[in-house]
Amino acid sequence: MSTVSEVSPEEWEVWREYFRGGRELTAALDRRLQDDAGISHPEYLVMLSLWEAPHHRLRTGELADGLAWEKSRVSHQVTRMQTRGFVERHECTTDARGVWVALTPQGSRTLLRAMRDHTDAIRAWFFDIATEE
């Protein structure tokens, strides 16, 4: 009789295939974004988060929470994106420790160019092949 903590070899194989498939899908989406729009998947996720936010801006902590990233990862990513002209930082007038990250017009244009193809790829590589089972 199996206990709750035991996982069968078949179940481990299903888990490994699921995990591998997720990594491969993420890598394929990243390559497509690079080829189509010249941006990485993390850049796309940051710009999309900002696009969906009020006034196209978020506090660093809010961005980290929404992406489920560490604040240090957000900070490094934002620095790289700021260098490329996709985002800008602004001091928070109500909190001296706070920083706003805002999408620039160039970031908005880049995101909008990438959205259609990225959405098409997600549809073709995930939703169109997913079944109820």
# chains A, B, ... in the order shown; residues from 1 in each chain; ligands from 1
>>> residues_around(residues="Leu112 (chain A)", least_positions_apart="3", cutoff="12 Å", atoms="only C-alpha atoms", output="PyMOL selection string")
chain A and resi 36-37+44+47-48+51+103+105-109+115-119
>>> residues_around(residues="Asp30 (chain A)", least_positions_apart="5", cutoff="12 Å", atoms="only C-alpha atoms", output="ChimeraX atom specification")
/A:23-25,35-45,114,117-118,121-122
>>> closest_residue(among="A:Leu29, A:Ala53, A:Val46, A:Asp65", to="Ala124 (chain A)", atoms="only C-alpha atoms")
A:Leu29
>>> atom_distance(atom1="CA of Arg57 (chain A)", atom2="CA of Val101 (chain A)")
5.4 Å
>>> select_by_dssp(residues="chain A", states="alpha helix (DSSP H)", output="ChimeraX atom specification")
/A:9-37,41-52,60-67,71-84,105-122
>>> residues_around(residues="Glu62 (chain A)", least_positions_apart="4", cutoff="12 Å", atoms="only C-alpha atoms", output="PyMOL selection string")
chain A and resi 46+49-50+53+57-58+66-71+74+98-101
>>> residues_around(residues="Arg97 (chain A)", least_positions_apart="4", cutoff="12 Å", atoms="only C-alpha atoms", output="ChimeraX atom specification")
/A:59-61,90-93
>>> write_last_selection(atoms="all heavy atoms", output="mmCIF file, in the first residue's frame")
data_model
loop_
_atom_site.group_PDB
_atom_site.id
_atom_site.type_symbol
_atom_site.label_atom_id
_atom_site.label_comp_id
_atom_site.auth_asym_id
_atom_site.auth_seq_id
_atom_site.Cartn_x
_atom_site.Cartn_y
_atom_site.Cartn_z
ATOM 1 N N ARG A 59 5.232 50.472 -8.327
ATOM 2 C CA ARG A 59 6.344 50.516 -7.386
ATOM 3 C C ARG A 59 7.156 49.244 -7.574
ATOM 4 O O ARG A 59 6.648 48.204 -7.979
ATOM 5 C CB ARG A 59 5.821 50.600 -5.958
ATOM 6 C CG ARG A 59 4.969 51.823 -5.644
ATOM 7 C CD ARG A 59 5.786 53.015 -5.245
ATOM 8 N NE ARG A 59 6.587 52.797 -4.068
ATOM 9 C CZ ARG A 59 6.221 53.110 -2.831
ATOM 10 N NH1 ARG A 59 5.052 53.677 -2.602
ATOM 11 N NH2 ARG A 59 7.041 52.882 -1.819
ATOM 12 N N THR A 60 8.428 49.303 -7.261
ATOM 13 C CA THR A 60 9.314 48.158 -7.430
ATOM 14 C C THR A 60 8.784 46.929 -6.691
ATOM 15 O O THR A 60 8.770 45.825 -7.238
ATOM 16 C CB THR A 60 10.738 48.492 -6.949
ATOM 17 O OG1 THR A 60 11.195 49.650 -7.638
ATOM 18 C CG2 THR A 60 11.692 47.351 -7.198
ATOM 19 N N GLY A 61 8.327 47.118 -5.474
ATOM 20 C CA GLY A 61 7.784 46.002 -4.691
ATOM 21 C C GLY A 61 6.542 45.400 -5.316
ATOM 22 O O GLY A 61 6.356 44.180 -5.299
ATOM 23 N N HIS A 90 11.265 56.708 -11.312
ATOM 24 C CA HIS A 90 10.892 58.006 -10.751
ATOM 25 C C HIS A 90 10.830 57.871 -9.236
ATOM 26 O O HIS A 90 10.351 56.857 -8.723
ATOM 27 C CB HIS A 90 9.514 58.462 -11.251
ATOM 28 C CG HIS A 90 9.419 58.601 -12.723
ATOM 29 N ND1 HIS A 90 9.917 59.688 -13.395
ATOM 30 C CD2 HIS A 90 8.881 57.791 -13.668
ATOM 31 C CE1 HIS A 90 9.688 59.540 -14.688
ATOM 32 N NE2 HIS A 90 9.068 58.394 -14.877
ATOM 33 N N GLU A 91 11.283 58.893 -8.548
ATOM 34 C CA GLU A 91 11.172 58.920 -7.093
ATOM 35 C C GLU A 91 9.696 58.967 -6.721
ATOM 36 O O GLU A 91 8.886 59.593 -7.406
ATOM 37 C CB GLU A 91 11.884 60.146 -6.522
ATOM 38 C CG GLU A 91 13.378 60.155 -6.759
ATOM 39 C CD GLU A 91 14.096 59.054 -5.996
ATOM 40 O OE1 GLU A 91 13.699 58.765 -4.843
ATOM 41 O OE2 GLU A 91 15.044 58.486 -6.551
ATOM 42 N N CYS A 92 9.369 58.336 -5.633
ATOM 43 C CA CYS A 92 8.003 58.381 -5.104
ATOM 44 C C CYS A 92 7.909 59.583 -4.174
ATOM 45 O O CYS A 92 8.651 59.667 -3.187
ATOM 46 C CB CYS A 92 7.686 57.086 -4.360
ATOM 47 S SG CYS A 92 6.028 57.060 -3.686
ATOM 48 N N THR A 93 7.028 60.523 -4.485
ATOM 49 C CA THR A 93 6.930 61.757 -3.707
ATOM 50 C C THR A 93 6.331 61.533 -2.323
ATOM 51 O O THR A 93 6.558 62.330 -1.419
ATOM 52 C CB THR A 93 6.089 62.808 -4.455
ATOM 53 O OG1 THR A 93 4.799 62.256 -4.726
ATOM 54 C CG2 THR A 93 6.773 63.213 -5.741
#
>>> select_by_dssp(residues="region 1-97 of chain A", states="strand (DSSP E)", output="list in words")
Arg57, Leu58, Arg59, Val87, Glu88, Arg89, His90 and Glu91 of chain A
